[in-house]
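Enquirer: This is the structure, below, for whatever I ask next.
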Amino acid sequence: MNLNNLRPAKGSTKTSKRIGRGQGSGRGGTSTRGHKGAKSRSGYSRKFGFEGGQMPLQRRVPKFGFKNINRVEYKAVNIELLQTLADNKSINVIDPEILREAGLVSKNDLVKILGNGELTAKMEVKAHAFSKSAIEAIEAAQGTVEKL
């Protein structure tokens, strides 16, 4: 075997259709595009959602609802998770940075502490928001709450 007799495997390559190269080629004339209509024209590109002139779905269906641009979205963390963190890592100060290291929240998440679960450890909790039940539970365990 030499470089001069290397060739692709039989049947692995196909010759491309040479379209629009005169009548003698068999693919001249309409160049495999059929007769007339938008798709036969040059520069054709269908608009997104176009249904051939029929009223498109996004215009047939009524609009409803809205997106509140002032919405503040918090990542919820229950006090039972704070308790397990306190048990496993013996931490008494909890802030978003510690929750980030534990993999509970992402980098730019705002944290809200919710009151689901039992809390026995005395701890200082710093977060962006708290539910009433979470504040009561933390203060019942002689802990402190600080809003960031």
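Labels used: A, B, ... for chains in the order of the structure tokens, numbers from 1 for residues in each chain, and numbers from 1 for ligands as shown.
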When DSSP is applied to the backbone of this structure, which of chain A are assigned helix (DSSP H, G or I)? Write them out as number ranges by chain.
Expert: A: 3-5, 23-25, 38-40, 57-60, 79-89, 96-101, 132-140
Enquirer: Just want the 8 Å neighbourhood of stretch 131-137 of chain A, counted on only C-alpha atoms, with same-chain residues fewer than 3 positions away dropped. Output as number ranges by chain.
Expert: A: 79, 112-116, 118-119, 140-141, 145
Enquirer: Which residue is closest to A:Thr84? Choose from A:Ala129, A:Val61, A:Ala121, A:Ile19 and count only C-alpha atoms.
Expert: A:Ala121
Enquirer: Have a look at atom CA of A:Lys17 and atom CA of A:Asn5 and let me know their distance in Å, one decimal.
Expert: 26.3 Å
Enquirer: Based on the backbone DSSP call, show me all residues of stretch 37-111 of chain A assigned strand (DSSP E), as a list in words.
Expert: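 Output for stretch 37-111 of chain A, strand (DSSP E) only: Tyr74, Lys75, Ala76, Val77, Asn78, Val93, Ile94, Leu110 and Val111 of chain A.
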Enquirer: Could you dump the residues just selected with N, CA, C and O atoms as a compact mmCIF listing (two decimals), in the first residue's frame?
Expert:
```
# COMPACT_ATOMS: atom_id res chain seq x y z
N TYR A 74 -35.92 34.35 45.75
CA TYR A 74 -35.03 33.87 46.79
C TYR A 74 -34.83 32.37 46.67
O TYR A 74 -35.70 31.65 46.19
N LYS A 75 -33.66 31.90 47.11
CA LYS A 75 -33.41 30.47 47.22
C LYS A 75 -33.82 30.08 48.64
O LYS A 75 -33.30 30.61 49.61
N ALA A 76 -34.77 29.14 48.76
CA ALA A 76 -35.33 28.77 50.06
C ALA A 76 -34.43 27.75 50.76
O ALA A 76 -33.99 26.77 50.15
N VAL A 77 -34.15 28.00 52.03
CA VAL A 77 -33.39 27.07 52.86
C VAL A 77 -34.15 26.89 54.17
O VAL A 77 -34.44 27.86 54.86
N ASN A 78 -34.51 25.64 54.51
CA ASN A 78 -35.25 25.36 55.73
C ASN A 78 -34.31 25.26 56.93
O ASN A 78 -33.12 24.93 56.78
N VAL A 93 -22.31 30.14 63.29
CA VAL A 93 -22.65 31.32 62.49
C VAL A 93 -22.92 30.86 61.06
O VAL A 93 -22.06 30.26 60.43
N ILE A 94 -24.14 31.14 60.58
CA ILE A 94 -24.50 30.71 59.22
C ILE A 94 -24.83 31.93 58.39
O ILE A 94 -25.66 32.75 58.77
N LEU A 110 -30.11 35.01 46.29
CA LEU A 110 -30.56 35.63 47.53
C LEU A 110 -31.17 34.52 48.38
O LEU A 110 -31.91 33.68 47.87
N VAL A 111 -30.86 34.50 49.67
CA VAL A 111 -31.25 33.39 50.54
C VAL A 111 -32.39 33.79 51.44
O VAL A 111 -32.38 34.86 52.05
```
Enquirer: One decimal, in Å: what's the spacing between atom CA of A:Ile98 and atom CA of A:Thr120?
Expert: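 Atom CA of A:Ile98 sits 19.0 Å away from atom CA of A:Thr120.
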Enquirer: Rank nothing, just name the residue among A:Ser12, A:Thr144, A:Asn108, A:Ser40 nearest to A:Asn92, using only C-alpha atoms.
Expert: A:Thr144
Enquirer: My list of candidates is A:Ser90, A:Phe64, A:Lys122, A:Gly117. Which is closest to A:Gln142 when distances are computed with only C-alpha atoms?
Expert: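 Ranking A:Ser90, A:Phe64, A:Lys122, A:Gly117 by distance to A:Gln142, first place goes to A:Lys122.
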Enquirer: Counting only C-alpha atoms, which of A:Gly20, A:Pro96, A:Gly103, A:Pro8 gets nearest to A:Leu148?
Expert: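 The closest residue to A:Leu148 is A:Pro96.
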